[in-house]
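Please read the structure below before turning to the comments.
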Amino acid sequence: MPRQPSPDFSTSVKLKYVKLGYQYLVNHFLTLLLIPMIATTALELFRRGPEEISTLYDSIEFDVLHITFSVFVIIFVLIVYFMSRPRPVYLVDYACFKPSPSCRVPFATFMEHTSMICEDPKSVQFQTRILERSGLGEETCLPPANHYIPPNPTMEAARAEAQLVIFSAIDDLIKKTGLQPKHIDILVVNCSLFSPTPSLSAMIVNKYKLRSNIKSFNLSGMGCSAGLLSIDLARDLLQVHPGSNALVISTEIITPNFYKGNRRDMLLPNCLFRMGAAAVLLSNRRRDASRAKYRLLHLVRTHKGADDRAYRCVYQEEDSDGHCGISLSKDLMAIAGDALKSNITTIGPLVLPMSEQLLFFFTLVGRKLIKPNLRPYIPDFKQAFEHFCIHAGGRAVIDELQKSLQLSAEHVEASRMTLHRFGNTSSSSLWYELNYIESKGRMRRGNRVWQIGFGSGFKCNSAVWKCLRTVKTPVDGPWEECADRYPVDIPEIVKL
Amino acid sequence: MEVLATLTVLFLLYSLYLLYKSYILKRSTNCYLVDYVCFKPSSDREITTRKCGEIMERNKTLGLAEYKFLLKVLVGSGIGERTYGPRNIIEGREESPTLDDAIQEMDEFLDVTVHDLFVKTNISPSDVDVLVVNISTFCPAPSLASRIVHRYNMRKDVKTYNLSSMGCSATLVAIDVVQNIFKSGKKTIAVVVTSESISPNWYSGNDRSMMLGNCLFRCGGSVMLLTNDPAMRSQSKMRLKCLVRTHIGANDDAFNSAVQKEDDMGRVGVHLSKSLPKSAVHAFSQNLKRLMPKVLPYREMALLVYRIVKQKVVQRNTKLNTLVAQIDFKSGVDHFCLHTGGTAVIDAVGRALRLSEYDVEPARMTLHRWGNTSASSIWYVLGYMEAKKRLKRNDRVLMISFGSGFKCNSCLWEVCRDLGDGDVWEDCIKDYPPQILVNP
């Protein structure tokens, strides 16, 4: 995306004020229209004089029947109107898995393990270089099975990891919300790369003794954006079942997915993916509205699978030695940017204020009709949202999005710090980022949050939440002990 | 005064408009099954009982006792001579399946069936709004749902869901997802893809509880097109009346009745415990309890209530089992699509519902012709009924399936018009039912 040339200081200040004035005018158009109307009515009243007004008032005949009928009609219309609106979906609360320090993988440990497991020294060197530039910190965690040399990825170990991360997140959520497991109506679980029989959703039903008429769903293989897909499914169900709540679990199980080969494009996930899970409680009950933290405003899904390059960019396959791994193509950034653009064209009109939409519309018209090489106008999303949660897929993804959306360092701080402290926890990363924003005391009532997730397929999903009550610090969660140490300065390259 | 009158009229008109809108929305909440296509693999993938025996023989870890046990299971399974297996197992590579084998198996299924479905229903892939895929034991990245989107160039706003590891009853879970999306009233076209991946799931050890899957599961799959658009009612085959899901995973025995795990030698297989039949019965009875009021006609329900009252009050007897056994399900249901989990399952369900041989014939014949194709089996059973021209307008069809977890899901369909499309049964329907079902 072309950068705007920086004009000289005084002109830029003038431009800024012109822009502010324009935004204020367009966004508050209707309110501003009211002022002349009120002025004219007031003037008219003063002109007529009080006696004339009282005679006017007395001359109106109030037919009782007519009045009652009108009142009933108004009440009837209001009832029908409110009943036909879609049910609101509230996020009551959520909890993220807090890994224990014994699962930590500092750089030294990772490099030591890699050099002992990998036969090819070039692969070890490559992984070292990746780790240096990854933006990860020293406190990210891998599951116990990956601490063995060589790693011990049995089904037993994978189940143990699933039980550890999922149950601990659900237990935290139960403590926070006072949720009774017997009251859960809908359960959606998403875990991309591990789907045992019986499913993880059945495992949760068994552990917490959920009801037999529960609607459970287990999504798999849908990548790092699957968290928002699960929220979408839960939302569809909540529209149809009044007075229900839904428990959504997003996780990624690392144990069975360690790549043992030497292909570079498949070694990347080993370096970036870390343990994590999130449990989210959604509800459409009116009584939860007062204690809910957020309300879901919009959820937009974009699937670029029809395009060959996009489909192949995150692809699970076997290398020439038969080792299974996930290859990430070099086009990943470009495809992510493209998918985001598609997503924005749908979500833009739903969230942007009128001023931005008009500007975008006029530049589009200008480009099509008048001057084809007019610079495309990138809408300013900072006007629509106060907080951004960008999937912590890797440093490059965050950099790319910061550039495309013209965000400041503070806007992407949550994503960068989550990547540093927890690594790429796949679909649950968005919830760790949200927790960071809350832990820093930045979440106020009325703030809007934009969560963007990317995943294999290639999908780009985004969700818009509105904060319903100011979140007071300290916040229970994985950032509780370390929020004070953040933000940290993450160097471009960490020398290992 | 005129102002008030005009305002009232305006409000009234607006409320009438809102009512009309909600009526239109309500009308579009029905779930219609427009058509479905079952998969018939190519004839070079046919496995006879003898071939099965040969494949079993290849497993060097089996002792004579185990081999005999397996042969006994095969012969008494009710599975015929023309079922289908995956290529890698037929070609002798069952012990080391590759990712490519599994993907090839899926591609062979998806390329043919999904294409046939679009041709049959005259819908273009870009019209599809929702895609739900359930293939239990195989979930690559990108998902199989994405694979279909890619293969058929679907729109970028298509809603995809890839359900996994939900067992043999997952097809009804997929239908549940679709019917919930339909209830929003917006005109939607949905495609549901159901199958099972056999290639990567061959058990190569000698634990008896894990070997049954090898004998019974076969390749198969089906694809369905559903919609809530009332305009497509005339070309639809059936309409969904109700769907009941029961999950008894809270019970430890039920949860552990079918578990995928490693045996003592570290080989992965699905362990079927001895409590499986009991769990199935328990799940089934729970499901029936909720299904009965929705399926049985009022007369039958009234009779049941009368009998319960009589037994409890007059005879002071609180055992209700005999009462349930006296219920005549055939008063509310005309046809039964039972999951072909095995002869034992079909017999047990048939006994519980007091079904005749005629009623369980479609399930038995499906088991014979196609084996246990897991979640898609009920669609083959439906295909049999259609090929035999049993499905007439306003008939009611009950589908029941069981799955690991332990789940029992059931749904009731109402037939929209007389059906007679043979589909995959076309070439062999005249041979059914055969005189003998026992294998050589």
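By order in the structure tokens, chains are A, B, ...; within a chain, residues start at 1; ligands start at 1, following the order shown.
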| Every residue of range 251-332 of chain A that DSSP places in strand (DSSP E), as an NGL selection string | :A and (251-252 or 276-283 or 294-303 or 314-318 or 324-328)
Please produce an output containing N, CA and C atoms for each residue in the selection, written as a compact mmCIF listing (two decimals), in the first residue's frame.
```txt
# COMPACT_ATOMS: atom_id res chain seq x y z
N THR A 251 -8.89 -24.13 21.15
CA THR A 251 -7.56 -24.57 21.56
C THR A 251 -6.81 -25.15 20.39
N GLU A 252 -5.56 -25.45 20.59
CA GLU A 252 -4.76 -26.18 19.61
C GLU A 252 -3.86 -27.11 20.39
N GLY A 276 -1.93 -23.37 24.47
CA GLY A 276 -2.87 -22.37 24.96
C GLY A 276 -4.29 -22.86 24.75
N ALA A 277 -5.24 -22.26 25.47
CA ALA A 277 -6.65 -22.59 25.29
C ALA A 277 -7.48 -21.45 25.87
N ALA A 278 -8.70 -21.32 25.38
CA ALA A 278 -9.59 -20.30 25.93
C ALA A 278 -10.99 -20.87 26.03
N ALA A 279 -11.71 -20.48 27.08
CA ALA A 279 -13.09 -20.89 27.26
C ALA A 279 -13.93 -19.63 27.34
N VAL A 280 -14.97 -19.56 26.52
CA VAL A 280 -15.79 -18.36 26.42
C VAL A 280 -17.24 -18.70 26.72
N LEU A 281 -17.89 -17.90 27.55
CA LEU A 281 -19.30 -18.15 27.84
C LEU A 281 -20.16 -17.09 27.16
N LEU A 282 -21.03 -17.55 26.25
CA LEU A 282 -21.93 -16.63 25.56
C LEU A 282 -23.34 -16.87 26.04
N SER A 283 -24.16 -15.85 25.97
CA SER A 283 -25.53 -16.02 26.44
C SER A 283 -26.45 -15.09 25.68
N TYR A 294 -19.15 -8.09 27.21
CA TYR A 294 -19.21 -7.60 25.83
C TYR A 294 -20.49 -8.06 25.17
N ARG A 295 -20.81 -7.34 24.08
CA ARG A 295 -21.93 -7.78 23.24
C ARG A 295 -21.39 -7.90 21.83
N LEU A 296 -21.81 -8.97 21.13
CA LEU A 296 -21.33 -9.18 19.78
C LEU A 296 -22.11 -8.30 18.82
N LEU A 297 -21.39 -7.46 18.10
CA LEU A 297 -22.08 -6.58 17.15
C LEU A 297 -22.10 -7.19 15.74
N HIS A 298 -20.94 -7.62 15.27
CA HIS A 298 -20.86 -8.18 13.92
C HIS A 298 -19.87 -9.32 13.88
N LEU A 299 -20.09 -10.22 12.92
CA LEU A 299 -19.11 -11.28 12.70
C LEU A 299 -19.10 -11.54 11.20
N VAL A 300 -17.95 -11.36 10.58
CA VAL A 300 -17.87 -11.50 9.13
C VAL A 300 -16.84 -12.56 8.76
N ARG A 301 -17.23 -13.47 7.89
CA ARG A 301 -16.33 -14.54 7.49
C ARG A 301 -16.01 -14.42 6.01
N THR A 302 -14.73 -14.61 5.69
CA THR A 302 -14.31 -14.58 4.29
C THR A 302 -13.49 -15.82 4.00
N HIS A 303 -13.84 -16.51 2.92
CA HIS A 303 -13.14 -17.76 2.58
C HIS A 303 -12.54 -17.60 1.19
N VAL A 314 -1.33 -22.59 3.46
CA VAL A 314 -1.06 -23.31 4.70
C VAL A 314 -1.54 -24.73 4.44
N TYR A 315 -0.64 -25.65 4.22
CA TYR A 315 -1.05 -26.95 3.69
C TYR A 315 -0.36 -28.08 4.44
N GLN A 316 -1.16 -29.03 4.91
CA GLN A 316 -0.57 -30.16 5.62
C GLN A 316 -0.22 -31.25 4.61
N GLU A 317 1.01 -31.70 4.63
CA GLU A 317 1.41 -32.76 3.69
C GLU A 317 2.59 -33.52 4.25
N GLU A 318 2.97 -34.56 3.52
CA GLU A 318 4.13 -35.34 3.96
C GLU A 318 5.34 -34.95 3.13
N CYS A 324 5.04 -35.97 8.48
CA CYS A 324 3.91 -35.08 8.24
C CYS A 324 4.14 -33.73 8.88
N GLY A 325 3.83 -32.66 8.17
CA GLY A 325 4.00 -31.34 8.75
C GLY A 325 3.16 -30.33 8.00
N ILE A 326 3.11 -29.11 8.50
CA ILE A 326 2.32 -28.07 7.85
C ILE A 326 3.25 -27.10 7.16
N SER A 327 3.11 -26.98 5.85
CA SER A 327 4.00 -26.08 5.13
C SER A 327 3.35 -24.70 5.01
N LEU A 328 4.15 -23.67 5.25
CA LEU A 328 3.67 -22.29 5.13
C LEU A 328 4.35 -21.69 3.92
```
| query | Could you name the residues that touch range 261-275 of chain A at 8 Å or less, counting only C-alpha atoms, but leaving out those on the same chain fewer than 5 positions away, as a ChimeraX atom specification? | reply | /A:99,118,120,123,126-127,130-131,134,136,140-143,165,252-254,319,321,323,325-329,394,422-426
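For the pair CA of Val192 in chain B and CA of His115 in chain B, the interatomic distance is 13.2 Å.
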| How would you write, as a count of residues only, the set of residues in range 194-374 of chain B that DSSP gives as alpha helix (DSSP H)? | 74
| field | Closest of B:Lys26, B:Arg364, B:Lys278, B:Lys120 to chain A - atom-to-atom distances counting only C-alpha atoms | value |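 Under the stated criterion, the closest residue is B:Lys26.
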| request: Please determine the contact residues of chain B with respect to chain A at a cut-off of 6 Å, counting only C-alpha atoms, and supply them as a list in words. | output: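 Filtering chain B at 6 Å from chain A with only C-alpha atoms gives Thr8, Ser15, Cys139, Pro140, Ala141, Pro142, Ser143, Ser146, Val149, His150, Asn153, Lys156, Asp157, Asn162, Leu163, Ser164, Ser165, Met166, Asn180, Ile181, Thr246, His247, Ile248, Gly249, Ala250, Val259, Gln260, Ser404 and Gly405 of chain B.
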| query | Any idea what's packed within 12 Å of Asp93 in chain A, counting only C-alpha atoms, ignoring anything in its chain fewer than 5 positions away? Could you give it as a VMD selection string? | reply | chain A and resid 169 to 170 172 to 179 245 to 248 278 to 283 288 to 289 291 to 295 431 434 to 435 438 467 to 469 471 475 to 477
Write a file of the just-selected residues containing N, CA and C atoms, as an mmCIF file, in the first residue's frame.
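And here's selection-v7.cif as it stands now:
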```cif
data_model
loop_
_atom_site.group_PDB
_atom_site.id
_atom_site.type_symbol
_atom_site.label_atom_id
_atom_site.label_comp_id
_atom_site.auth_asym_id
_atom_site.auth_seq_id
_atom_site.Cartn_x
_atom_site.Cartn_y
_atom_site.Cartn_z
ATOM 1 N N ALA A 169 -8.940 -24.171 31.738
ATOM 2 C CA ALA A 169 -9.626 -22.954 31.281
ATOM 3 C C ALA A 169 -11.088 -22.966 31.721
ATOM 4 N N ILE A 170 -11.749 -24.127 31.618
ATOM 5 C CA ILE A 170 -13.162 -24.198 32.003
ATOM 6 C C ILE A 170 -13.305 -23.994 33.515
ATOM 7 N N ASP A 172 -11.440 -22.226 35.448
ATOM 8 C CA ASP A 172 -11.297 -20.784 35.702
ATOM 9 C C ASP A 172 -12.570 -20.044 35.356
ATOM 10 N N LEU A 173 -13.175 -20.429 34.237
ATOM 11 C CA LEU A 173 -14.401 -19.753 33.799
ATOM 12 C C LEU A 173 -15.536 -19.995 34.790
ATOM 13 N N ILE A 174 -15.610 -21.216 35.299
ATOM 14 C CA ILE A 174 -16.662 -21.542 36.271
ATOM 15 C C ILE A 174 -16.483 -20.716 37.529
ATOM 16 N N LYS A 175 -15.227 -20.567 37.951
ATOM 17 C CA LYS A 175 -14.955 -19.765 39.152
ATOM 18 C C LYS A 175 -15.348 -18.304 38.931
ATOM 19 N N LYS A 176 -15.028 -17.802 37.731
ATOM 20 C CA LYS A 176 -15.293 -16.382 37.458
ATOM 21 C C LYS A 176 -16.770 -16.071 37.339
ATOM 22 N N THR A 177 -17.504 -16.975 36.686
ATOM 23 C CA THR A 177 -18.896 -16.651 36.370
ATOM 24 C C THR A 177 -19.910 -17.350 37.250
ATOM 25 N N GLY A 178 -19.488 -18.339 38.055
ATOM 26 C CA GLY A 178 -20.445 -19.092 38.841
ATOM 27 C C GLY A 178 -21.310 -19.971 37.962
ATOM 28 N N LEU A 179 -20.808 -20.310 36.784
ATOM 29 C CA LEU A 179 -21.580 -21.127 35.852
ATOM 30 C C LEU A 179 -21.781 -22.537 36.393
ATOM 31 N N ASN A 245 -27.487 -20.506 27.010
ATOM 32 C CA ASN A 245 -26.103 -20.056 27.006
ATOM 33 C C ASN A 245 -25.247 -21.069 26.257
ATOM 34 N N ALA A 246 -24.079 -20.615 25.818
ATOM 35 C CA ALA A 246 -23.207 -21.453 25.004
ATOM 36 C C ALA A 246 -21.795 -21.375 25.549
ATOM 37 N N LEU A 247 -21.139 -22.517 25.626
ATOM 38 C CA LEU A 247 -19.743 -22.562 26.046
ATOM 39 C C LEU A 247 -18.906 -22.866 24.822
ATOM 40 N N VAL A 248 -17.970 -21.971 24.513
ATOM 41 C CA VAL A 248 -17.130 -22.143 23.323
ATOM 42 C C VAL A 248 -15.690 -22.346 23.783
ATOM 43 N N ALA A 278 -8.700 -21.319 25.377
ATOM 44 C CA ALA A 278 -9.590 -20.296 25.930
ATOM 45 C C ALA A 278 -10.988 -20.870 26.025
ATOM 46 N N ALA A 279 -11.706 -20.484 27.082
ATOM 47 C CA ALA A 279 -13.095 -20.894 27.257
ATOM 48 C C ALA A 279 -13.934 -19.631 27.336
ATOM 49 N N VAL A 280 -14.973 -19.565 26.519
ATOM 50 C CA VAL A 280 -15.791 -18.356 26.420
ATOM 51 C C VAL A 280 -17.242 -18.702 26.719
ATOM 52 N N LEU A 281 -17.892 -17.898 27.545
ATOM 53 C CA LEU A 281 -19.304 -18.151 27.845
ATOM 54 C C LEU A 281 -20.156 -17.091 27.156
ATOM 55 N N LEU A 282 -21.025 -17.548 26.251
ATOM 56 C CA LEU A 282 -21.930 -16.630 25.556
ATOM 57 C C LEU A 282 -23.341 -16.870 26.040
ATOM 58 N N SER A 283 -24.164 -15.848 25.967
ATOM 59 C CA SER A 283 -25.528 -16.017 26.444
ATOM 60 C C SER A 283 -26.453 -15.087 25.680
ATOM 61 N N ASP A 288 -28.519 -11.782 31.810
ATOM 62 C CA ASP A 288 -27.053 -11.752 31.757
ATOM 63 C C ASP A 288 -26.538 -10.440 31.192
ATOM 64 N N ALA A 289 -27.440 -9.637 30.643
ATOM 65 C CA ALA A 289 -27.004 -8.380 30.023
ATOM 66 C C ALA A 289 -26.329 -7.479 31.044
ATOM 67 N N ARG A 291 -24.525 -8.366 33.658
ATOM 68 C CA ARG A 291 -23.204 -8.759 34.136
ATOM 69 C C ARG A 291 -22.247 -9.131 32.999
ATOM 70 N N ALA A 292 -22.737 -9.062 31.773
ATOM 71 C CA ALA A 292 -21.888 -9.440 30.638
ATOM 72 C C ALA A 292 -20.818 -8.390 30.388
ATOM 73 N N LYS A 293 -19.686 -8.856 29.861
ATOM 74 C CA LYS A 293 -18.596 -7.914 29.579
ATOM 75 C C LYS A 293 -18.754 -7.289 28.202
ATOM 76 N N TYR A 294 -19.150 -8.094 27.206
ATOM 77 C CA TYR A 294 -19.215 -7.600 25.833
ATOM 78 C C TYR A 294 -20.490 -8.060 25.166
ATOM 79 N N ARG A 295 -20.815 -7.336 24.083
ATOM 80 C CA ARG A 295 -21.928 -7.779 23.241
ATOM 81 C C ARG A 295 -21.386 -7.905 21.829
ATOM 82 N N TRP A 431 -8.076 -14.287 22.451
ATOM 83 C CA TRP A 431 -8.584 -14.106 23.805
ATOM 84 C C TRP A 431 -7.459 -13.702 24.762
ATOM 85 N N LEU A 434 -7.117 -9.988 24.206
ATOM 86 C CA LEU A 434 -8.192 -9.224 24.846
ATOM 87 C C LEU A 434 -7.913 -9.112 26.335
ATOM 88 N N ASN A 435 -7.420 -10.202 26.901
ATOM 89 C CA ASN A 435 -7.111 -10.217 28.327
ATOM 90 C C ASN A 435 -5.992 -9.229 28.651
ATOM 91 N N GLU A 438 -7.448 -5.766 28.824
ATOM 92 C CA GLU A 438 -8.189 -5.590 30.077
ATOM 93 C C GLU A 438 -7.227 -5.441 31.242
ATOM 94 N N CYS A 467 -17.897 -3.204 24.472
ATOM 95 C CA CYS A 467 -17.724 -3.404 25.901
ATOM 96 C C CYS A 467 -18.915 -2.838 26.661
ATOM 97 N N LEU A 468 -19.507 -3.642 27.550
ATOM 98 C CA LEU A 468 -20.697 -3.195 28.259
ATOM 99 C C LEU A 468 -20.417 -2.630 29.637
ATOM 100 N N ARG A 469 -19.286 -2.961 30.215
ATOM 101 C CA ARG A 469 -18.950 -2.353 31.505
ATOM 102 C C ARG A 469 -17.429 -2.229 31.610
ATOM 103 N N VAL A 471 -13.830 -2.621 32.653
ATOM 104 C CA VAL A 471 -13.199 -3.751 33.318
ATOM 105 C C VAL A 471 -12.154 -3.228 34.286
ATOM 106 N N VAL A 475 -7.056 -7.951 36.749
ATOM 107 C CA VAL A 475 -7.955 -8.899 36.093
ATOM 108 C C VAL A 475 -7.409 -10.305 36.287
ATOM 109 N N ASP A 476 -8.292 -11.210 36.674
ATOM 110 C CA ASP A 476 -7.908 -12.627 36.808
ATOM 111 C C ASP A 476 -7.544 -13.182 35.457
ATOM 112 N N GLY A 477 -6.404 -13.834 35.374
ATOM 113 C CA GLY A 477 -6.123 -14.435 34.067
ATOM 114 C C GLY A 477 -4.647 -14.675 33.873
#
```
| CA of Thr255 in chain A and CA of Asp107 in chain B are how many Å apart? | 28.0 Å
| Separation of CA of Ala283 in chain B and CA of Ala254 in chain B, in Å? | 8.6 Å
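For Gly135 in chain A, the residues within 8 Å (counting only C-alpha atoms, excluding itself and residues fewer than 4 positions away along the chain) are Leu131, Gly394, Arg395, Arg416, Leu419, His420, Ile490, Pro491 and Glu492 of chain A.
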File dump, residues just selected, all heavy atoms, as a PDB file, in the first residue's frame:
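Output file again-v6.pdb follows:
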```
ATOM      1  N   LEU A 131      13.857 -18.290  15.280  1.00  0.00           N
ATOM      2  CA  LEU A 131      13.554 -17.954  16.671  1.00  0.00           C
ATOM      3  C   LEU A 131      14.075 -16.564  17.025  1.00  0.00           C
ATOM      4  O   LEU A 131      13.426 -15.805  17.752  1.00  0.00           O
ATOM      5  CB  LEU A 131      14.187 -19.017  17.574  1.00  0.00           C
ATOM      6  CG  LEU A 131      13.530 -19.225  18.929  1.00  0.00           C
ATOM      7  CD1 LEU A 131      12.085 -19.624  18.755  1.00  0.00           C
ATOM      8  CD2 LEU A 131      14.268 -20.298  19.700  1.00  0.00           C
ATOM      9  N   GLY A 394       2.431 -14.409  13.956  1.00  0.00           N
ATOM     10  CA  GLY A 394       3.863 -14.298  13.787  1.00  0.00           C
ATOM     11  C   GLY A 394       4.143 -12.817  13.656  1.00  0.00           C
ATOM     12  O   GLY A 394       3.247 -12.020  13.391  1.00  0.00           O
ATOM     13  N   ARG A 395       5.391 -12.450  13.814  1.00  0.00           N
ATOM     14  CA  ARG A 395       5.737 -11.032  13.756  1.00  0.00           C
ATOM     15  C   ARG A 395       5.366 -10.410  12.414  1.00  0.00           C
ATOM     16  O   ARG A 395       4.868  -9.292  12.347  1.00  0.00           O
ATOM     17  CB  ARG A 395       7.240 -10.943  13.947  1.00  0.00           C
ATOM     18  CG  ARG A 395       7.640  -9.570  14.260  1.00  0.00           C
ATOM     19  CD  ARG A 395       9.118  -9.465  14.268  1.00  0.00           C
ATOM     20  NE  ARG A 395       9.457  -8.393  15.146  1.00  0.00           N
ATOM     21  CZ  ARG A 395      10.485  -8.384  15.956  1.00  0.00           C
ATOM     22  NH1 ARG A 395      11.264  -9.435  16.006  1.00  0.00           N
ATOM     23  NH2 ARG A 395      10.726  -7.349  16.708  1.00  0.00           N
ATOM     24  N   ARG A 416       1.430  -7.970  19.826  1.00  0.00           N
ATOM     25  CA  ARG A 416       2.879  -8.211  19.935  1.00  0.00           C
ATOM     26  C   ARG A 416       3.243  -8.791  21.288  1.00  0.00           C
ATOM     27  O   ARG A 416       4.065  -9.705  21.385  1.00  0.00           O
ATOM     28  CB  ARG A 416       3.654  -6.909  19.732  1.00  0.00           C
ATOM     29  CG  ARG A 416       3.678  -6.436  18.310  1.00  0.00           C
ATOM     30  CD  ARG A 416       4.839  -5.494  18.079  1.00  0.00           C
ATOM     31  NE  ARG A 416       4.600  -4.682  16.895  1.00  0.00           N
ATOM     32  CZ  ARG A 416       4.806  -5.127  15.662  1.00  0.00           C
ATOM     33  NH1 ARG A 416       5.251  -6.335  15.448  1.00  0.00           N
ATOM     34  NH2 ARG A 416       4.555  -4.333  14.635  1.00  0.00           N
ATOM     35  N   LEU A 419       2.216 -12.436  21.543  1.00  0.00           N
ATOM     36  CA  LEU A 419       3.161 -13.274  20.808  1.00  0.00           C
ATOM     37  C   LEU A 419       4.435 -13.476  21.621  1.00  0.00           C
ATOM     38  O   LEU A 419       4.994 -14.568  21.679  1.00  0.00           O
ATOM     39  CB  LEU A 419       3.497 -12.639  19.458  1.00  0.00           C
ATOM     40  CG  LEU A 419       4.426 -13.433  18.546  1.00  0.00           C
ATOM     41  CD1 LEU A 419       3.772 -14.731  18.112  1.00  0.00           C
ATOM     42  CD2 LEU A 419       4.819 -12.620  17.326  1.00  0.00           C
ATOM     43  N   HIS A 420       4.860 -12.419  22.314  1.00  0.00           N
ATOM     44  CA  HIS A 420       6.085 -12.489  23.096  1.00  0.00           C
ATOM     45  C   HIS A 420       5.932 -13.391  24.309  1.00  0.00           C
ATOM     46  O   HIS A 420       6.769 -14.251  24.600  1.00  0.00           O
ATOM     47  CB  HIS A 420       6.471 -11.083  23.557  1.00  0.00           C
ATOM     48  CG  HIS A 420       7.804 -11.012  24.256  1.00  0.00           C
ATOM     49  ND1 HIS A 420       7.929 -11.051  25.622  1.00  0.00           N
ATOM     50  CD2 HIS A 420       9.056 -10.945  23.761  1.00  0.00           C
ATOM     51  CE1 HIS A 420       9.217 -10.993  25.947  1.00  0.00           C
ATOM     52  NE2 HIS A 420       9.922 -10.928  24.837  1.00  0.00           N
ATOM     53  N   ILE A 490      10.643  -5.279  22.026  1.00  0.00           N
ATOM     54  CA  ILE A 490      11.071  -6.532  21.394  1.00  0.00           C
ATOM     55  C   ILE A 490      12.047  -6.189  20.279  1.00  0.00           C
ATOM     56  O   ILE A 490      11.663  -5.545  19.297  1.00  0.00           O
ATOM     57  CB  ILE A 490       9.864  -7.303  20.822  1.00  0.00           C
ATOM     58  CG1 ILE A 490       8.824  -7.511  21.911  1.00  0.00           C
ATOM     59  CG2 ILE A 490      10.315  -8.645  20.263  1.00  0.00           C
ATOM     60  CD1 ILE A 490       7.529  -8.091  21.395  1.00  0.00           C
ATOM     61  N   PRO A 491      13.306  -6.599  20.423  1.00  0.00           N
ATOM     62  CA  PRO A 491      14.278  -6.233  19.379  1.00  0.00           C
ATOM     63  C   PRO A 491      14.000  -6.975  18.073  1.00  0.00           C
ATOM     64  O   PRO A 491      13.376  -8.023  18.079  1.00  0.00           O
ATOM     65  CB  PRO A 491      15.615  -6.677  19.982  1.00  0.00           C
ATOM     66  CG  PRO A 491      15.266  -7.700  20.993  1.00  0.00           C
ATOM     67  CD  PRO A 491      13.894  -7.415  21.486  1.00  0.00           C
ATOM     68  N   GLU A 492      14.481  -6.421  16.981  1.00  0.00           N
ATOM     69  CA  GLU A 492      14.305  -7.045  15.664  1.00  0.00           C
ATOM     70  C   GLU A 492      14.901  -8.438  15.660  1.00  0.00           C
ATOM     71  O   GLU A 492      14.303  -9.388  15.184  1.00  0.00           O
ATOM     72  CB  GLU A 492      15.019  -6.208  14.588  1.00  0.00           C
ATOM     73  CG  GLU A 492      14.195  -5.068  14.038  1.00  0.00           C
ATOM     74  CD  GLU A 492      12.989  -5.537  13.237  1.00  0.00           C
ATOM     75  OE1 GLU A 492      13.072  -6.578  12.555  1.00  0.00           O
ATOM     76  OE2 GLU A 492      11.947  -4.865  13.310  1.00  0.00           O
TER      77      GLU A 492
END
```
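Ranking A:Gln357, A:Ser429, A:Ser250, A:Asn461 by their shortest atom-to-atom distance to Ala162 in chain A, with only C-alpha atoms included, puts A:Ser250 first.
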| field | Contacts of range 21-25 of chain A at 9 Å (only C-alpha atoms; same-chain gap of 2+ positions) as a list in words | value |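 Final neighbour list, sorted by chain and number: Lys16, Tyr17, Val18, Lys19, Asn27, His28, Phe29, Leu32, Pro353, Met354, Ser355 and Glu356 of chain A.
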| request: Would you list the contacts of range 410-415 of chain A as a PyMOL selection string, taking every protein, DNA or RNA residue within 10 Å and counting only C-alpha atoms, but skipping same-chain residues closer than 3 positions in sequence? | output: chain A and resi 382+385-395+398-399+401-402+406-407+418-420+424+429-430+432-438+440+486-488
| query | Nearest to Arg267 in chain B among B:Met210, B:Leu355, B:Leu13, B:Leu19, with distances taken over only C-alpha atoms: which residue is it? | reply | B:Met210
| Which is closest to Leu74 in chain B among B:Leu216, B:Val9, B:Leu291, B:Leu412, if we use only C-alpha atoms? | B:Leu216
